[in-house]
>>> print(open('my_file.txt').read())   # compact mmCIF, N, CA and C atoms
# COMPACT_ATOMS: atom_id res chain seq x y z
N MET E 1098 47.09 -10.08 45.16
CA MET E 1098 45.93 -9.24 44.97
C MET E 1098 44.76 -9.79 45.80
N THR E 1099 44.07 -8.95 46.50
CA THR E 1099 42.93 -9.34 47.32
C THR E 1099 41.67 -9.38 46.47
N PRO E 1100 40.88 -10.49 46.55
CA PRO E 1100 39.63 -10.53 45.78
C PRO E 1100 38.68 -9.45 46.23
N SER E 1101 37.84 -8.98 45.29
CA SER E 1101 36.84 -7.97 45.65
C SER E 1101 35.83 -8.58 46.60
N ARG E 1102 35.34 -7.80 47.51
CA ARG E 1102 34.40 -8.28 48.52
C ARG E 1102 33.13 -7.47 48.47
N SER E 1103 32.05 -8.06 48.89
CA SER E 1103 30.76 -7.40 48.94
C SER E 1103 30.45 -7.02 50.38
N ASP E 1104 29.62 -6.03 50.59
CA ASP E 1104 29.21 -5.65 51.94
C ASP E 1104 27.91 -6.31 52.33
N SER E 1105 27.60 -7.48 51.77
CA SER E 1105 26.32 -8.14 52.04
C SER E 1105 26.24 -8.64 53.47
N SER E 1106 26.06 -9.92 53.70
CA SER E 1106 25.80 -10.42 55.04
C SER E 1106 27.05 -10.50 55.92
N THR E 1107 28.22 -10.64 55.35
CA THR E 1107 29.44 -10.68 56.15
C THR E 1107 30.50 -9.82 55.49
N ASP E 1108 31.44 -9.36 56.28
CA ASP E 1108 32.49 -8.51 55.76
C ASP E 1108 33.42 -9.24 54.80
N ASP E 1109 33.51 -10.57 54.91
CA ASP E 1109 34.44 -11.31 54.06
C ASP E 1109 33.74 -12.04 52.91
N ALA E 1110 32.52 -11.64 52.57
CA ALA E 1110 31.79 -12.28 51.48
C ALA E 1110 32.35 -11.81 50.14
N LEU E 1111 32.54 -12.74 49.23
CA LEU E 1111 32.99 -12.38 47.88
C LEU E 1111 31.87 -11.69 47.13
N ALA E 1112 32.22 -10.79 46.25
CA ALA E 1112 31.25 -10.15 45.38
C ALA E 1112 30.71 -11.19 44.39
N PRO E 1113 29.44 -11.07 43.98
CA PRO E 1113 28.88 -12.05 43.04
C PRO E 1113 29.73 -12.26 41.78
N ALA E 1114 30.33 -11.20 41.26
CA ALA E 1114 31.16 -11.35 40.05
C ALA E 1114 32.39 -12.21 40.32
N GLU E 1115 32.97 -12.09 41.51
CA GLU E 1115 34.12 -12.92 41.88
C GLU E 1115 33.71 -14.38 42.02
N ILE E 1116 32.55 -14.62 42.61
CA ILE E 1116 32.05 -16.00 42.72
C ILE E 1116 31.81 -16.57 41.33
N THR E 1117 31.20 -15.78 40.45
CA THR E 1117 30.96 -16.22 39.07
C THR E 1117 32.27 -16.60 38.40
N ASP E 1118 33.29 -15.77 38.55
CA ASP E 1118 34.59 -16.06 37.94
C ASP E 1118 35.16 -17.38 38.46
N ARG E 1119 35.06 -17.60 39.76
CA ARG E 1119 35.61 -18.83 40.34
C ARG E 1119 34.82 -20.06 39.89
N LEU E 1120 33.49 -19.95 39.84
CA LEU E 1120 32.68 -21.08 39.41
C LEU E 1120 32.83 -21.36 37.91
N ASP E 1121 33.02 -20.30 37.12
CA ASP E 1121 33.24 -20.49 35.68
C ASP E 1121 34.50 -21.29 35.39
N GLY E 1122 35.46 -21.23 36.29
CA GLY E 1122 36.72 -21.94 36.09
C GLY E 1122 36.68 -23.40 36.49
N LEU E 1123 35.55 -23.88 36.99
CA LEU E 1123 35.46 -25.27 37.46
C LEU E 1123 35.15 -26.23 36.32
N ASP E 1124 35.69 -27.42 36.43
CA ASP E 1124 35.41 -28.51 35.50
C ASP E 1124 34.95 -29.72 36.29
N VAL E 1125 34.27 -30.63 35.62
CA VAL E 1125 33.85 -31.89 36.25
C VAL E 1125 35.10 -32.58 36.80
N GLY E 1126 35.00 -33.02 38.06
CA GLY E 1126 36.12 -33.66 38.73
C GLY E 1126 36.90 -32.74 39.66
N ASP E 1127 36.72 -31.42 39.52
CA ASP E 1127 37.38 -30.48 40.43
C ASP E 1127 36.77 -30.61 41.83
N THR E 1128 37.54 -30.24 42.84
CA THR E 1128 37.08 -30.25 44.22
C THR E 1128 36.99 -28.82 44.72
N VAL E 1129 35.87 -28.49 45.40
CA VAL E 1129 35.66 -27.14 45.92
C VAL E 1129 35.13 -27.20 47.34
N THR E 1130 35.27 -26.09 48.05
CA THR E 1130 34.58 -25.89 49.32
C THR E 1130 33.70 -24.67 49.15
N VAL E 1131 32.64 -24.58 49.96
CA VAL E 1131 31.68 -23.48 49.86
C VAL E 1131 31.50 -22.85 51.23
N ASN E 1132 31.49 -21.51 51.22
CA ASN E 1132 31.33 -20.74 52.46
C ASN E 1132 32.38 -21.16 53.46
N ASP E 1133 32.04 -21.34 54.70
CA ASP E 1133 33.02 -21.71 55.72
C ASP E 1133 33.03 -23.21 56.00
N ARG E 1134 32.40 -23.99 55.13
CA ARG E 1134 32.35 -25.43 55.34
C ARG E 1134 33.71 -26.06 55.04
N GLU E 1135 34.10 -27.00 55.89
CA GLU E 1135 35.33 -27.73 55.64
C GLU E 1135 35.09 -28.90 54.69
N LEU E 1136 33.84 -29.30 54.53
CA LEU E 1136 33.48 -30.44 53.69
C LEU E 1136 33.76 -30.13 52.22
N PRO E 1137 34.58 -30.94 51.57
CA PRO E 1137 34.84 -30.72 50.15
C PRO E 1137 33.74 -31.33 49.28
N TYR E 1138 33.52 -30.72 48.14
CA TYR E 1138 32.56 -31.22 47.16
C TYR E 1138 33.29 -31.47 45.85
N GLU E 1139 32.93 -32.56 45.17
CA GLU E 1139 33.46 -32.84 43.84
C GLU E 1139 32.45 -32.38 42.81
N VAL E 1140 32.89 -31.59 41.85
CA VAL E 1140 32.02 -31.10 40.80
C VAL E 1140 31.64 -32.26 39.89
N ILE E 1141 30.31 -32.44 39.69
CA ILE E 1141 29.85 -33.52 38.83
C ILE E 1141 29.11 -33.02 37.58
N GLU E 1142 28.77 -31.72 37.57
CA GLU E 1142 28.08 -31.16 36.41
C GLU E 1142 28.17 -29.64 36.48
N THR E 1143 28.34 -29.01 35.33
CA THR E 1143 28.35 -27.55 35.26
C THR E 1143 27.54 -27.08 34.06
N ASP E 1144 26.97 -25.90 34.18
CA ASP E 1144 26.38 -25.21 33.03
C ASP E 1144 26.54 -23.72 33.27
N ALA E 1145 25.92 -22.91 32.44
CA ALA E 1145 26.14 -21.46 32.51
C ALA E 1145 25.73 -20.84 33.84
N TYR E 1146 24.72 -21.39 34.50
CA TYR E 1146 24.19 -20.74 35.71
C TYR E 1146 24.16 -21.63 36.94
N SER E 1147 24.81 -22.79 36.88
CA SER E 1147 24.83 -23.65 38.06
C SER E 1147 25.98 -24.65 38.02
N VAL E 1148 26.29 -25.15 39.22
CA VAL E 1148 27.27 -26.20 39.40
C VAL E 1148 26.63 -27.23 40.32
N VAL E 1149 26.67 -28.49 39.93
CA VAL E 1149 26.19 -29.57 40.78
C VAL E 1149 27.43 -30.29 41.30
N ALA E 1150 27.46 -30.51 42.62
CA ALA E 1150 28.62 -31.14 43.24
C ALA E 1150 28.12 -32.15 44.27
N ALA E 1151 29.01 -33.07 44.66
CA ALA E 1151 28.66 -34.10 45.64
C ALA E 1151 29.72 -34.13 46.73
N ASP E 1152 29.26 -34.36 47.97
CA ASP E 1152 30.21 -34.51 49.07
C ASP E 1152 30.75 -35.94 49.05
N PRO E 1153 31.71 -36.28 49.92
CA PRO E 1153 32.29 -37.62 49.91
C PRO E 1153 31.28 -38.75 50.15
N ASN E 1154 30.13 -38.43 50.75
CA ASN E 1154 29.10 -39.44 50.99
C ASN E 1154 28.09 -39.52 49.84
N GLY E 1155 28.29 -38.74 48.80
CA GLY E 1155 27.40 -38.78 47.65
C GLY E 1155 26.22 -37.83 47.71
N HIS E 1156 26.10 -37.04 48.77
CA HIS E 1156 25.00 -36.07 48.87
C HIS E 1156 25.28 -34.91 47.93
N ARG E 1157 24.31 -34.60 47.09
CA ARG E 1157 24.48 -33.57 46.07
C ARG E 1157 24.01 -32.20 46.54
N VAL E 1158 24.68 -31.18 46.04
CA VAL E 1158 24.28 -29.80 46.23
C VAL E 1158 24.26 -29.13 44.86
N THR E 1159 23.41 -28.13 44.74
CA THR E 1159 23.38 -27.33 43.52
C THR E 1159 23.71 -25.89 43.90
N ILE E 1160 24.73 -25.35 43.28
CA ILE E 1160 25.11 -23.96 43.46
C ILE E 1160 24.59 -23.24 42.23
N SER E 1161 23.64 -22.32 42.42
CA SER E 1161 23.01 -21.70 41.26
C SER E 1161 22.97 -20.18 41.39
N GLN E 1162 22.94 -19.54 40.23
CA GLN E 1162 22.94 -18.09 40.17
C GLN E 1162 21.53 -17.56 40.02
N ASN E 1163 21.21 -16.54 40.80
CA ASN E 1163 19.94 -15.82 40.65
C ASN E 1163 20.13 -14.85 39.50
N LEU E 1164 19.39 -15.04 38.42
CA LEU E 1164 19.60 -14.25 37.23
C LEU E 1164 19.16 -12.79 37.38
N GLN E 1165 18.32 -12.49 38.36
CA GLN E 1165 17.92 -11.09 38.60
C GLN E 1165 18.97 -10.34 39.40
N SER E 1166 19.44 -10.95 40.49
CA SER E 1166 20.38 -10.25 41.37
C SER E 1166 21.84 -10.51 41.01
N GLY E 1167 22.11 -11.62 40.35
CA GLY E 1167 23.49 -12.00 40.07
C GLY E 1167 24.14 -12.76 41.20
N GLY E 1168 23.45 -12.84 42.36
CA GLY E 1168 23.98 -13.56 43.52
C GLY E 1168 23.91 -15.06 43.32
N TRP E 1169 24.57 -15.79 44.20
CA TRP E 1169 24.63 -17.25 44.13
C TRP E 1169 24.08 -17.85 45.41
N THR E 1170 23.42 -19.02 45.29
CA THR E 1170 22.92 -19.75 46.46
C THR E 1170 23.30 -21.21 46.33
N ILE E 1171 23.30 -21.90 47.46
CA ILE E 1171 23.53 -23.34 47.46
C ILE E 1171 22.27 -24.01 47.97
N ASN E 1172 21.80 -24.98 47.22
CA ASN E 1172 20.60 -25.74 47.59
C ASN E 1172 20.99 -27.20 47.73
N GLU E 1173 20.48 -27.82 48.77
CA GLU E 1173 20.78 -29.23 48.97
C GLU E 1173 19.60 -29.91 49.65
N PRO E 1174 19.42 -31.20 49.35
CA PRO E 1174 18.37 -31.94 50.04
C PRO E 1174 18.73 -32.12 51.51
N VAL E 1175 17.74 -32.11 52.36
CA VAL E 1175 17.97 -32.39 53.77
C VAL E 1175 18.03 -33.91 53.92
N TYR E 1176 19.13 -34.42 54.45
CA TYR E 1176 19.29 -35.86 54.60
C TYR E 1176 19.48 -36.28 56.05
N ASP E 1177 19.57 -35.33 56.98
CA ASP E 1177 19.71 -35.67 58.38
C ASP E 1177 19.40 -34.42 59.22
N VAL E 1178 18.77 -34.62 60.37
CA VAL E 1178 18.49 -33.53 61.31
C VAL E 1178 18.80 -34.05 62.70
N GLU E 1179 19.59 -33.31 63.43
CA GLU E 1179 19.94 -33.67 64.80
C GLU E 1179 19.63 -32.51 65.72
N SER E 1180 19.04 -32.77 66.88
CA SER E 1180 18.78 -31.76 67.89
C SER E 1180 20.00 -31.64 68.78
N LEU E 1181 20.45 -30.42 68.99
CA LEU E 1181 21.60 -30.19 69.86
C LEU E 1181 21.09 -29.67 71.19
N GLU E 1182 21.18 -30.51 72.19
CA GLU E 1182 20.73 -30.15 73.54
C GLU E 1182 21.78 -29.27 74.19
N GLU E 1183 21.33 -28.29 74.96
CA GLU E 1183 22.26 -27.42 75.68
C GLU E 1183 22.47 -27.91 77.07
>>> encode(input="my_file.txt", output="structure tokens")
Amino acid sequence: MTPSRSDSSTDDALAPAEITDRLDGLDVGDTVTVNDRELPYEVIETDAYSVVAADPNGHRVTISQNLQSGGWTINEPVYDVESLEE
């Protein structure tokens, strides 16, 4: 069965309800990836509207639900910036 998709920013974006279902199934210690990132995150905390996870270097991200729209966002501290010269 193909997961439901939203017509938001990309053709292959999951619908908010599908994302909610997937995040609801996570437990502390589970490993996840987000968007097209190859970097895995380990879940370190969950609650009804957010998941806190850490990458292998210990950098934390918060995946949280917008209670008005039902959509999800990922927030993370900026820990490095590199300029890419052309």
>>> residues_around(input="my_file.txt", residues="Val1125 (chain E)", least_positions_apart="3", cutoff="6 Å", atoms="all atoms listed in the file", output="list in words")
Val1140, Ile1141 and Glu1142 of chain E
>>> select_by_dssp(input="my_file.txt", residues="chain E", states="strand (DSSP E)", output="list in words")
Thr1128, Val1129, Tyr1138, Glu1139, Val1140, Ile1141, Glu1142, Thr1143, Asp1144, Ser1147, Val1148, Val1149, Ala1150, Ala1151, Arg1157, Val1158, Thr1159, Ile1160, Ser1161, Gln1162, Trp1169, Thr1170, Ile1171 and Asn1172 of chain E
>>> atom_distance(input="my_file.txt", atom1="CA of Asp1109 (chain E)", atom2="CA of Tyr1176 (chain E)")
28.9 Å
>>> atom_distance(input="my_file.txt", atom1="CA of Leu1164 (chain E)", atom2="CA of Ala1151 (chain E)")
23.4 Å
>>> select_by_dssp(input="my_file.txt", residues="chain E", states="alpha helix (DSSP H)", output="JSON, numbers by chain")
{"E": [1113, 1114, 1115, 1116, 1117, 1118, 1119, 1120, 1121]}
>>> atom_distance(input="my_file.txt", atom1="atom C of Glu1173 (chain E)", atom2="atom C of Asp1127 (chain E)")
18.9 Å
>>> decode(input="my_file.txt", residues="region 1103-1151 of chain E", atoms="N, CA and C atoms", output="CSV table (one decimal), in the first residue's frame")
chain,number,residue,atom,x,y,z
E,1103,SER,N,0.8,14.4,0.2
E,1103,SER,CA,0.3,15.8,0.2
E,1103,SER,C,0.8,16.5,-1.1
E,1104,ASP,N,0.1,17.5,-1.6
E,1104,ASP,CA,0.5,18.2,-2.7
E,1104,ASP,C,1.2,19.5,-2.3
E,1105,SER,N,1.8,19.5,-1.1
E,1105,SER,CA,2.5,20.7,-0.6
E,1105,SER,C,3.7,21.1,-1.4
E,1106,SER,N,4.9,21.1,-0.8
E,1106,SER,CA,6.1,21.6,-1.5
E,1106,SER,C,6.7,20.7,-2.5
E,1107,THR,N,6.5,19.4,-2.3
E,1107,THR,CA,7.1,18.4,-3.2
E,1107,THR,C,6.0,17.3,-3.5
E,1108,ASP,N,6.1,16.7,-4.6
E,1108,ASP,CA,5.2,15.7,-5.0
E,1108,ASP,C,5.2,14.4,-4.1
E,1109,ASP,N,6.4,14.2,-3.5
E,1109,ASP,CA,6.5,13.0,-2.6
E,1109,ASP,C,6.4,13.3,-1.1
E,1110,ALA,N,5.9,14.4,-0.8
E,1110,ALA,CA,5.7,14.8,0.7
E,1110,ALA,C,4.6,14.0,1.3
E,1111,LEU,N,4.8,13.4,2.4
E,1111,LEU,CA,3.8,12.7,3.2
E,1111,LEU,C,2.7,13.7,3.7
E,1112,ALA,N,1.5,13.2,3.7
E,1112,ALA,CA,0.4,14.0,4.3
E,1112,ALA,C,0.7,14.2,5.8
E,1113,PRO,N,0.3,15.3,6.5
E,1113,PRO,CA,0.5,15.5,7.9
E,1113,PRO,C,0.0,14.3,8.7
E,1114,ALA,N,-1.1,13.8,8.4
E,1114,ALA,CA,-1.7,12.6,9.2
E,1114,ALA,C,-0.8,11.4,9.1
E,1115,GLU,N,-0.2,11.2,7.9
E,1115,GLU,CA,0.8,10.0,7.8
E,1115,GLU,C,2.0,10.3,8.6
E,1116,ILE,N,2.5,11.5,8.6
E,1116,ILE,CA,3.7,11.8,9.5
E,1116,ILE,C,3.3,11.6,10.9
E,1117,THR,N,2.2,12.1,11.3
E,1117,THR,CA,1.7,11.9,12.7
E,1117,THR,C,1.7,10.4,13.1
E,1118,ASP,N,1.1,9.6,12.2
E,1118,ASP,CA,1.1,8.2,12.5
E,1118,ASP,C,2.5,7.6,12.7
E,1119,ARG,N,3.4,8.0,11.8
E,1119,ARG,CA,4.7,7.4,11.9
E,1119,ARG,C,5.5,7.9,13.2
E,1120,LEU,N,5.3,9.2,13.5
E,1120,LEU,CA,5.9,9.7,14.7
E,1120,LEU,C,5.3,9.1,16.0
E,1121,ASP,N,4.0,8.9,16.0
E,1121,ASP,CA,3.3,8.3,17.1
E,1121,ASP,C,3.8,6.9,17.5
E,1122,GLY,N,4.3,6.2,16.5
E,1122,GLY,CA,4.9,4.9,16.7
E,1122,GLY,C,6.3,4.8,17.2
E,1123,LEU,N,6.9,6.0,17.4
E,1123,LEU,CA,8.3,6.0,17.8
E,1123,LEU,C,8.4,5.9,19.3
E,1124,ASP,N,9.5,5.2,19.8
E,1124,ASP,CA,9.8,5.1,21.2
E,1124,ASP,C,11.2,5.6,21.4
E,1125,VAL,N,11.6,5.9,22.6
E,1125,VAL,CA,12.9,6.3,23.0
E,1125,VAL,C,13.9,5.2,22.6
E,1126,GLY,N,14.9,5.5,21.9
E,1126,GLY,CA,15.9,4.5,21.4
E,1126,GLY,C,15.7,4.1,19.9
E,1127,ASP,N,14.6,4.5,19.4
E,1127,ASP,CA,14.3,4.2,17.9
E,1127,ASP,C,15.2,5.1,17.1
E,1128,THR,N,15.5,4.7,15.9
E,1128,THR,CA,16.3,5.4,14.9
E,1128,THR,C,15.5,5.9,13.8
E,1129,VAL,N,15.6,7.1,13.4
E,1129,VAL,CA,14.7,7.7,12.3
E,1129,VAL,C,15.6,8.5,11.4
E,1130,THR,N,15.1,8.7,10.1
E,1130,THR,CA,15.7,9.7,9.2
E,1130,THR,C,14.5,10.7,8.9
E,1131,VAL,N,14.9,11.9,8.5
E,1131,VAL,CA,13.9,12.9,8.3
E,1131,VAL,C,14.2,13.5,6.9
E,1132,ASN,N,13.1,13.7,6.2
E,1132,ASN,CA,13.2,14.3,4.8
E,1132,ASN,C,14.1,13.5,4.0
E,1133,ASP,N,15.0,14.1,3.2
E,1133,ASP,CA,15.9,13.4,2.4
E,1133,ASP,C,17.3,13.2,3.0
E,1134,ARG,N,17.4,13.5,4.3
E,1134,ARG,CA,18.7,13.4,4.9
E,1134,ARG,C,19.1,11.9,5.1
E,1135,GLU,N,20.4,11.7,4.9
E,1135,GLU,CA,20.9,10.3,5.2
E,1135,GLU,C,21.2,10.2,6.6
E,1136,LEU,N,21.4,11.3,7.3
E,1136,LEU,CA,21.9,11.2,8.7
E,1136,LEU,C,20.8,10.6,9.6
E,1137,PRO,N,21.1,9.6,10.3
E,1137,PRO,CA,20.1,9.0,11.2
E,1137,PRO,C,20.0,9.8,12.6
E,1138,TYR,N,18.9,9.8,13.2
E,1138,TYR,CA,18.7,10.4,14.5
E,1138,TYR,C,18.1,9.3,15.4
E,1139,GLU,N,18.6,9.4,16.7
E,1139,GLU,CA,18.1,8.5,17.7
E,1139,GLU,C,17.1,9.2,18.6
E,1140,VAL,N,15.9,8.7,18.7
E,1140,VAL,CA,14.9,9.3,19.5
E,1140,VAL,C,15.3,9.3,21.0
E,1141,ILE,N,15.2,10.5,21.6
E,1141,ILE,CA,15.6,10.6,23.0
E,1141,ILE,C,14.5,11.1,23.9
E,1142,GLU,N,13.4,11.6,23.3
E,1142,GLU,CA,12.2,12.0,24.1
E,1142,GLU,C,11.0,12.1,23.1
E,1143,THR,N,9.9,11.8,23.6
E,1143,THR,CA,8.6,11.9,22.8
E,1143,THR,C,7.5,12.5,23.7
E,1144,ASP,N,6.6,13.2,23.1
E,1144,ASP,CA,5.4,13.6,23.8
E,1144,ASP,C,4.3,13.7,22.7
E,1145,ALA,N,3.1,14.2,23.1
E,1145,ALA,CA,2.0,14.2,22.1
E,1145,ALA,C,2.3,15.0,20.9
E,1146,TYR,N,3.0,16.1,21.0
E,1146,TYR,CA,3.2,17.0,19.8
E,1146,TYR,C,4.6,17.2,19.4
E,1147,SER,N,5.6,16.4,19.9
E,1147,SER,CA,7.0,16.5,19.5
E,1147,SER,C,7.8,15.3,19.7
E,1148,VAL,N,8.9,15.2,19.0
E,1148,VAL,CA,9.9,14.2,19.2
E,1148,VAL,C,11.2,14.9,19.2
E,1149,VAL,N,12.0,14.6,20.2
E,1149,VAL,CA,13.4,15.1,20.3
E,1149,VAL,C,14.3,14.0,20.0
E,1150,ALA,N,15.3,14.2,19.0
E,1150,ALA,CA,16.2,13.2,18.6
E,1150,ALA,C,17.6,13.8,18.5
E,1151,ALA,N,18.6,12.9,18.5
E,1151,ALA,CA,20.0,13.4,18.4
E,1151,ALA,C,20.7,12.6,17.3
